[in-house]
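Undergrad: Below are the structure tokens for one structure; questions will follow.
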Amino acid sequence: MTASWQDWLDTLTRCDSCPLRHEGNRGPTRSSGPADSPIMFVGEGPGGVEDEYGVPLVGPSGKLLDKALWSVGLTRDRIYVTNIVKCRPRNNRTPTLEEGRYCANIHLVREIELVNPKVIVCLGKVAFQYFYGQAASIMRNRGKWLEHGDIPVMPTYHPAFLLRQTGTELVESKWQVYYDLKAAVEKAKKSCPDYLYGSKTVPDLLQQYKALKESRHF
């Protein structure tokens, strides 16, 4: 870990600058995956399992994300994943646009500088609205490229949204996410064709971050 990364991690770990930190969570969660990944995934906020382990998207939503990534040749040990909001909101409520903007302007902007991804995939409404700059519908805008500076951004559904769906709506949404991710991978590979985007097996993130979990407490 470089000095710059350690500085950011120290700042994140000590962060106590917004009311979310005091909503009964274990403190800020960090990122997962390599910092040289050409693709950055940005979720919404940590849930219960993520709050325990200190990393994003390792609970039920994370397992569904793993399956979606596998379908397009990605694995979590080869891509960078973070959240727009670092602390778990009480009762797993969805963070507000204002909460997302406040937290992202402190931490996510620094992560983007450090990772310098070629493509960003934003998962869900809160992450999408941050990059879009205002309140808007994720359903109307998923699959449409945005720009963050000179970085292309692909909005798509959060896995938690898929977990709430059933029947034909679920099937349709899964296909939409598949094509969104496929487009993101294709664009990243044009910039970094030699990068290894996926491993031969899906990593066990709960085992990988077991020590971090044991270090976190209320």
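By convention here, the chains of the structure tokens are called A, B, ... in the order presented, each chain's residues are numbered starting at 1, and ligands are numbered starting at 1 in the order presented.
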Taking 6 positions as the minimum chain separation for residues in the same chain, which residues sit within 12 Å of Arg21 of chain A when counting only C-alpha atoms? Answer as a PDB file with all heavy atoms, in the first residue's frame.

TA:
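Okay, selection_24.pdb is ready:
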ATOM      1  N   LEU A  12     -10.294   7.958   6.175  1.00  0.00           N
ATOM      2  CA  LEU A  12     -11.582   7.274   6.151  1.00  0.00           C
ATOM      3  C   LEU A  12     -11.889   6.654   7.511  1.00  0.00           C
ATOM      4  O   LEU A  12     -12.989   6.802   8.038  1.00  0.00           O
ATOM      5  CB  LEU A  12     -11.573   6.196   5.064  1.00  0.00           C
ATOM      6  CG  LEU A  12     -12.802   5.282   5.017  1.00  0.00           C
ATOM      7  CD1 LEU A  12     -14.022   6.056   4.548  1.00  0.00           C
ATOM      8  CD2 LEU A  12     -12.541   4.082   4.104  1.00  0.00           C
ATOM      9  N   THR A  13     -10.920   5.950   8.068  1.00  0.00           N
ATOM     10  CA  THR A  13     -11.134   5.240   9.330  1.00  0.00           C
ATOM     11  C   THR A  13     -11.492   6.195  10.460  1.00  0.00           C
ATOM     12  O   THR A  13     -12.317   5.872  11.329  1.00  0.00           O
ATOM     13  CB  THR A  13      -9.877   4.441   9.701  1.00  0.00           C
ATOM     14  OG1 THR A  13      -9.557   3.531   8.635  1.00  0.00           O
ATOM     15  CG2 THR A  13     -10.087   3.649  10.977  1.00  0.00           C
ATOM     16  N   ARG A  14     -10.912   7.383  10.451  1.00  0.00           N
ATOM     17  CA  ARG A  14     -11.153   8.353  11.513  1.00  0.00           C
ATOM     18  C   ARG A  14     -12.385   9.224  11.255  1.00  0.00           C
ATOM     19  O   ARG A  14     -12.762  10.016  12.121  1.00  0.00           O
ATOM     20  CB  ARG A  14      -9.939   9.278  11.664  1.00  0.00           C
ATOM     21  CG  ARG A  14      -8.664   8.600  12.116  1.00  0.00           C
ATOM     22  CD  ARG A  14      -7.639   9.648  12.517  1.00  0.00           C
ATOM     23  NE  ARG A  14      -7.373  10.599  11.440  1.00  0.00           N
ATOM     24  CZ  ARG A  14      -6.397  10.488  10.559  1.00  0.00           C
ATOM     25  NH1 ARG A  14      -5.573   9.443  10.612  1.00  0.00           N
ATOM     26  NH2 ARG A  14      -6.215  11.398   9.610  1.00  0.00           N
ATOM     27  N   CYS A  15     -13.003   9.096  10.091  1.00  0.00           N
ATOM     28  CA  CYS A  15     -14.057  10.020   9.694  1.00  0.00           C
ATOM     29  C   CYS A  15     -15.230   9.999  10.671  1.00  0.00           C
ATOM     30  O   CYS A  15     -15.764   8.941  11.009  1.00  0.00           O
ATOM     31  CB  CYS A  15     -14.548   9.691   8.282  1.00  0.00           C
ATOM     32  SG  CYS A  15     -15.726  10.909   7.647  1.00  0.00           S
ATOM     33  N   GLY A  27     -18.816   2.049  12.003  1.00  0.00           N
ATOM     34  CA  GLY A  27     -17.901   3.011  11.412  1.00  0.00           C
ATOM     35  C   GLY A  27     -17.761   2.837   9.915  1.00  0.00           C
ATOM     36  O   GLY A  27     -18.389   1.962   9.298  1.00  0.00           O
ATOM     37  N   PRO A  28     -16.953   3.651   9.273  1.00  0.00           N
ATOM     38  CA  PRO A  28     -16.825   3.626   7.821  1.00  0.00           C
ATOM     39  C   PRO A  28     -16.336   2.279   7.285  1.00  0.00           C
ATOM     40  O   PRO A  28     -15.477   1.628   7.885  1.00  0.00           O
ATOM     41  CB  PRO A  28     -15.792   4.725   7.542  1.00  0.00           C
ATOM     42  CG  PRO A  28     -15.848   5.619   8.741  1.00  0.00           C
ATOM     43  CD  PRO A  28     -16.148   4.722   9.894  1.00  0.00           C
ATOM     44  N   THR A  29     -16.905   1.884   6.166  1.00  0.00           N
ATOM     45  CA  THR A  29     -16.423   0.710   5.444  1.00  0.00           C
ATOM     46  C   THR A  29     -15.465   1.172   4.352  1.00  0.00           C
ATOM     47  O   THR A  29     -15.581   2.274   3.829  1.00  0.00           O
ATOM     48  CB  THR A  29     -17.586  -0.068   4.813  1.00  0.00           C
ATOM     49  OG1 THR A  29     -18.358   0.814   3.994  1.00  0.00           O
ATOM     50  CG2 THR A  29     -18.496  -0.650   5.887  1.00  0.00           C
ATOM     51  N   PRO A  46     -23.477   0.601   2.923  1.00  0.00           N
ATOM     52  CA  PRO A  46     -23.350  -0.733   3.524  1.00  0.00           C
ATOM     53  C   PRO A  46     -24.620  -1.180   4.230  1.00  0.00           C
ATOM     54  O   PRO A  46     -25.343  -0.377   4.823  1.00  0.00           O
ATOM     55  CB  PRO A  46     -22.195  -0.557   4.521  1.00  0.00           C
ATOM     56  CG  PRO A  46     -22.145   0.905   4.807  1.00  0.00           C
ATOM     57  CD  PRO A  46     -22.603   1.591   3.558  1.00  0.00           C
ATOM     58  N   ASP A  51     -21.433  -3.859   7.199  1.00  0.00           N
ATOM     59  CA  ASP A  51     -21.037  -3.148   8.411  1.00  0.00           C
ATOM     60  C   ASP A  51     -20.193  -4.049   9.305  1.00  0.00           C
ATOM     61  O   ASP A  51     -19.246  -3.603   9.953  1.00  0.00           O
ATOM     62  CB  ASP A  51     -22.289  -2.668   9.155  1.00  0.00           C
ATOM     63  CG  ASP A  51     -21.958  -1.772  10.338  1.00  0.00           C
ATOM     64  OD1 ASP A  51     -21.131  -0.858  10.167  1.00  0.00           O
ATOM     65  OD2 ASP A  51     -22.534  -1.973  11.410  1.00  0.00           O
ATOM     66  N   VAL A  85     -21.725   5.956   0.030  1.00  0.00           N
ATOM     67  CA  VAL A  85     -21.818   6.271   1.454  1.00  0.00           C
ATOM     68  C   VAL A  85     -21.070   5.183   2.219  1.00  0.00           C
ATOM     69  O   VAL A  85     -21.280   4.000   1.980  1.00  0.00           O
ATOM     70  CB  VAL A  85     -23.295   6.347   1.907  1.00  0.00           C
ATOM     71  CG1 VAL A  85     -23.407   6.293   3.417  1.00  0.00           C
ATOM     72  CG2 VAL A  85     -23.947   7.614   1.370  1.00  0.00           C
ATOM     73  N   LYS A  86     -20.215   5.565   3.142  1.00  0.00           N
ATOM     74  CA  LYS A  86     -19.327   4.602   3.801  1.00  0.00           C
ATOM     75  C   LYS A  86     -19.895   4.000   5.071  1.00  0.00           C
ATOM     76  O   LYS A  86     -19.467   2.925   5.485  1.00  0.00           O
ATOM     77  CB  LYS A  86     -17.986   5.274   4.128  1.00  0.00           C
ATOM     78  CG  LYS A  86     -17.313   5.947   2.942  1.00  0.00           C
ATOM     79  CD  LYS A  86     -17.099   5.018   1.778  1.00  0.00           C
ATOM     80  CE  LYS A  86     -16.289   5.711   0.672  1.00  0.00           C
ATOM     81  NZ  LYS A  86     -16.215   4.904  -0.542  1.00  0.00           N
ATOM     82  N   CYS A  87     -20.815   4.697   5.744  1.00  0.00           N
ATOM     83  CA  CYS A  87     -21.370   4.200   7.004  1.00  0.00           C
ATOM     84  C   CYS A  87     -22.791   3.687   6.805  1.00  0.00           C
ATOM     85  O   CYS A  87     -23.580   4.290   6.070  1.00  0.00           O
ATOM     86  CB  CYS A  87     -21.357   5.305   8.066  1.00  0.00           C
ATOM     87  SG  CYS A  87     -19.710   5.805   8.613  1.00  0.00           S
ATOM     88  N   ARG A  88     -23.114   2.603   7.479  1.00  0.00           N
ATOM     89  CA  ARG A  88     -24.437   1.999   7.329  1.00  0.00           C
ATOM     90  C   ARG A  88     -25.530   2.887   7.918  1.00  0.00           C
ATOM     91  O   ARG A  88     -25.500   3.227   9.096  1.00  0.00           O
ATOM     92  CB  ARG A  88     -24.470   0.648   8.044  1.00  0.00           C
ATOM     93  CG  ARG A  88     -25.816  -0.047   7.993  1.00  0.00           C
ATOM     94  CD  ARG A  88     -25.885  -1.152   9.014  1.00  0.00           C
ATOM     95  NE  ARG A  88     -27.156  -1.863   8.954  1.00  0.00           N
ATOM     96  CZ  ARG A  88     -27.600  -2.683   9.898  1.00  0.00           C
ATOM     97  NH1 ARG A  88     -26.882  -2.894  10.975  1.00  0.00           N
ATOM     98  NH2 ARG A  88     -28.766  -3.286   9.771  1.00  0.00           N
ATOM     99  N   PRO A  89     -26.526   3.268   7.113  1.00  0.00           N
ATOM    100  CA  PRO A  89     -27.669   3.997   7.659  1.00  0.00           C
ATOM    101  C   PRO A  89     -28.509   3.088   8.556  1.00  0.00           C
ATOM    102  O   PRO A  89     -28.595   1.874   8.321  1.00  0.00           O
ATOM    103  CB  PRO A  89     -28.456   4.414   6.410  1.00  0.00           C
ATOM    104  CG  PRO A  89     -27.468   4.317   5.273  1.00  0.00           C
ATOM    105  CD  PRO A  89     -26.571   3.185   5.646  1.00  0.00           C
ATOM    106  N   ARG A  90     -29.116   3.671   9.571  1.00  0.00           N
ATOM    107  CA  ARG A  90     -29.930   2.886  10.500  1.00  0.00           C
ATOM    108  C   ARG A  90     -31.036   2.136   9.763  1.00  0.00           C
ATOM    109  O   ARG A  90     -31.673   2.663   8.853  1.00  0.00           O
ATOM    110  CB  ARG A  90     -30.548   3.814  11.554  1.00  0.00           C
ATOM    111  CG  ARG A  90     -31.126   3.070  12.766  1.00  0.00           C
ATOM    112  CD  ARG A  90     -31.790   4.030  13.737  1.00  0.00           C
ATOM    113  NE  ARG A  90     -30.895   5.075  14.181  1.00  0.00           N
ATOM    114  CZ  ARG A  90     -29.990   4.941  15.152  1.00  0.00           C
ATOM    115  NH1 ARG A  90     -29.863   3.781  15.764  1.00  0.00           N
ATOM    116  NH2 ARG A  90     -29.227   5.964  15.511  1.00  0.00           N
ATOM    117  N   GLU A  99     -26.890  12.934   1.522  1.00  0.00           N
ATOM    118  CA  GLU A  99     -25.905  12.121   2.246  1.00  0.00           C
ATOM    119  C   GLU A  99     -24.870  11.543   1.293  1.00  0.00           C
ATOM    120  O   GLU A  99     -23.675  11.511   1.601  1.00  0.00           O
ATOM    121  CB  GLU A  99     -26.613  11.008   3.014  1.00  0.00           C
ATOM    122  CG  GLU A  99     -27.398  11.493   4.211  1.00  0.00           C
ATOM    123  CD  GLU A  99     -28.306  10.434   4.798  1.00  0.00           C
ATOM    124  OE1 GLU A  99     -28.675   9.482   4.066  1.00  0.00           O
ATOM    125  OE2 GLU A  99     -28.676  10.557   5.986  1.00  0.00           O
ATOM    126  N   CYS A 103     -20.793  12.562   1.578  1.00  0.00           N
ATOM    127  CA  CYS A 103     -19.769  11.541   1.817  1.00  0.00           C
ATOM    128  C   CYS A 103     -18.848  11.392   0.608  1.00  0.00           C
ATOM    129  O   CYS A 103     -17.630  11.315   0.747  1.00  0.00           O
ATOM    130  CB  CYS A 103     -20.429  10.210   2.149  1.00  0.00           C
ATOM    131  SG  CYS A 103     -19.279   8.917   2.678  1.00  0.00           S
ATOM    132  N   PHE A 218     -18.644  -1.972  17.819  1.00  0.00           N
ATOM    133  CA  PHE A 218     -19.424  -0.765  18.088  1.00  0.00           C
ATOM    134  C   PHE A 218     -18.659   0.155  19.031  1.00  0.00           C
ATOM    135  O   PHE A 218     -17.935  -0.298  19.904  1.00  0.00           O
ATOM    136  CB  PHE A 218     -20.786  -1.111  18.711  1.00  0.00           C
ATOM    137  CG  PHE A 218     -21.760  -1.636  17.705  1.00  0.00           C
ATOM    138  CD1 PHE A 218     -22.058  -2.973  17.669  1.00  0.00           C
ATOM    139  CD2 PHE A 218     -22.367  -0.786  16.787  1.00  0.00           C
ATOM    140  CE1 PHE A 218     -22.990  -3.474  16.746  1.00  0.00           C
ATOM    141  CE2 PHE A 218     -23.295  -1.272  15.871  1.00  0.00           C
ATOM    142  CZ  PHE A 218     -23.586  -2.621  15.857  1.00  0.00           C
TER     143      PHE A 218
END

Undergrad: I want to know what sits within 10 Å of Tyr102 of chain A, based on only C-alpha atoms, with residues of the same chain fewer than 2 positions away left out; could you give that as a PyMOL selection string?

TA: chain A and resi 17-18+84-85+96-100+104-108+130

Undergrad: Residues within 12 Å of Lys187 of chain A, please, as number ranges by chain. Count only C-alpha atoms; anything in the same chain fewer than 5 positions from it doesn't count.

TA: A: 38-39, 117-121, 145, 151-154, 180-182, 192-193

Undergrad: Taking the backbone alone, and naming residues the way the document does, which bits of chain A are helix (DSSP H, G or I) by DSSP, as a ChimeraX atom specification?

TA: /A:3-14,19-22,48-53,60-71,76-78,90-92,97-115,125-132,138-141,159-163,167-191,205-208,210-215

Undergrad: Excluding Glu111 of chain A and any residue of its chain fewer than 6 positions from it, enumerate the residues within 9 Å of it, using only C-alpha atoms, and give them as JSON, numbers by chain.

TA: {"A": [5, 8, 35, 82]}

Undergrad: For a quick check of understanding, using only C-alpha atoms, which of A:Asp204, A:Leu163, A:Arg110, A:Lys174 has the smallest distance to Ser71 of chain A?

TA: A:Lys174

Undergrad: So which bits of segment 23-102 of chain A end up strand (DSSP E) when you DSSP the backbone, as a list in words?

TA: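 Selecting the strand (DSSP E) positions of segment 23-102 of chain A gives Ile39, Met40, Phe41, Val42, Gly43, Tyr80, Val81, Thr82 and Asn83 of chain A.
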
Undergrad: Those same residues - N, CA, C and O atoms - I'd like them written as a PDB file, in the first residue's frame.

TA:
ATOM      1  N   ILE A  39     -11.774  -0.830 -13.899  1.00  0.00           N
ATOM      2  CA  ILE A  39     -13.197  -0.630 -13.638  1.00  0.00           C
ATOM      3  C   ILE A  39     -13.410  -0.381 -12.155  1.00  0.00           C
ATOM      4  O   ILE A  39     -12.916  -1.133 -11.311  1.00  0.00           O
ATOM      5  N   MET A  40     -14.158   0.657 -11.841  1.00  0.00           N
ATOM      6  CA  MET A  40     -14.578   0.946 -10.460  1.00  0.00           C
ATOM      7  C   MET A  40     -16.089   0.785 -10.366  1.00  0.00           C
ATOM      8  O   MET A  40     -16.825   1.370 -11.161  1.00  0.00           O
ATOM      9  N   PHE A  41     -16.539  -0.010  -9.404  1.00  0.00           N
ATOM     10  CA  PHE A  41     -17.962  -0.159  -9.123  1.00  0.00           C
ATOM     11  C   PHE A  41     -18.296   0.646  -7.875  1.00  0.00           C
ATOM     12  O   PHE A  41     -17.613   0.545  -6.855  1.00  0.00           O
ATOM     13  N   VAL A  42     -19.353   1.447  -7.956  1.00  0.00           N
ATOM     14  CA  VAL A  42     -19.765   2.296  -6.843  1.00  0.00           C
ATOM     15  C   VAL A  42     -21.193   1.935  -6.453  1.00  0.00           C
ATOM     16  O   VAL A  42     -22.130   2.166  -7.221  1.00  0.00           O
ATOM     17  N   GLY A  43     -21.358   1.352  -5.257  1.00  0.00           N
ATOM     18  CA  GLY A  43     -22.670   1.005  -4.751  1.00  0.00           C
ATOM     19  C   GLY A  43     -23.272   2.147  -3.944  1.00  0.00           C
ATOM     20  O   GLY A  43     -22.819   3.297  -4.021  1.00  0.00           O
ATOM     21  N   TYR A  80     -12.294  -3.050  -8.600  1.00  0.00           N
ATOM     22  CA  TYR A  80     -12.368  -2.181  -7.425  1.00  0.00           C
ATOM     23  C   TYR A  80     -13.829  -1.871  -7.133  1.00  0.00           C
ATOM     24  O   TYR A  80     -14.566  -1.427  -8.011  1.00  0.00           O
ATOM     25  N   VAL A  81     -14.236  -2.127  -5.894  1.00  0.00           N
ATOM     26  CA  VAL A  81     -15.631  -1.910  -5.487  1.00  0.00           C
ATOM     27  C   VAL A  81     -15.662  -1.030  -4.243  1.00  0.00           C
ATOM     28  O   VAL A  81     -14.932  -1.267  -3.276  1.00  0.00           O
ATOM     29  N   THR A  82     -16.515  -0.028  -4.263  1.00  0.00           N
ATOM     30  CA  THR A  82     -16.663   0.867  -3.117  1.00  0.00           C
ATOM     31  C   THR A  82     -18.121   1.302  -3.025  1.00  0.00           C
ATOM     32  O   THR A  82     -18.972   0.857  -3.804  1.00  0.00           O
ATOM     33  N   ASN A  83     -18.432   2.168  -2.069  1.00  0.00           N
ATOM     34  CA  ASN A  83     -19.789   2.687  -1.895  1.00  0.00           C
ATOM     35  C   ASN A  83     -19.787   4.207  -1.918  1.00  0.00           C
ATOM     36  O   ASN A  83     -18.801   4.845  -1.532  1.00  0.00           O
TER      37      ASN A  83
END

Undergrad: Between A:Tyr209, A:Arg76, A:Gln165, A:Cys122, which is the closest to Lys63 of chain A once you count only C-alpha atoms?

TA: A:Arg76

Undergrad: Can you pull out the residues contacting Arg140 of chain A? Cut-off 12 Å, using only C-alpha atoms, and skip same-chain residues under 4 positions away; I want them as JSON, numbers by chain.

TA: {"A": [124, 125, 128, 135, 136, 144, 155, 156, 157, 176]}

Undergrad: Can you list, as an MDAnalysis selection string, every protein, DNA or RNA residue that comes within 8 Å of Phe131 of chain A when you count only C-alpha atoms, leaving out same-chain residues fewer than 5 positions away?

TA: chainID A and resid 146:148 153

Undergrad: Hey, can you spit out that residue selection with C-alpha atoms as a short mmCIF file (atom, residue, chain, number, x, y, z; two decimals), in the first residue's frame?

TA:
data_model
loop_
_atom_site.label_atom_id
_atom_site.label_comp_id
_atom_site.auth_asym_id
_atom_site.auth_seq_id
_atom_site.Cartn_x
_atom_site.Cartn_y
_atom_site.Cartn_z
CA LEU A 146 -22.56 9.57 -18.43
CA GLU A 147 -19.26 11.38 -17.99
CA HIS A 148 -17.39 12.14 -14.78
CA VAL A 153 -19.91 6.18 -16.22
#

Undergrad: When you draw a straight line from atom CA of Ala160 of chain A to atom CA of Val202 of chain A, how long is it in Å?

TA: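 Interatomic distance here is 19.7 Å.
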
Undergrad: Record the distance separating atom CA of Val115 of chain A and atom CA of Asp36 of chain A, expressed in Å with one decimal.

TA: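 That distance, rounded to one decimal, is 6.0 Å.
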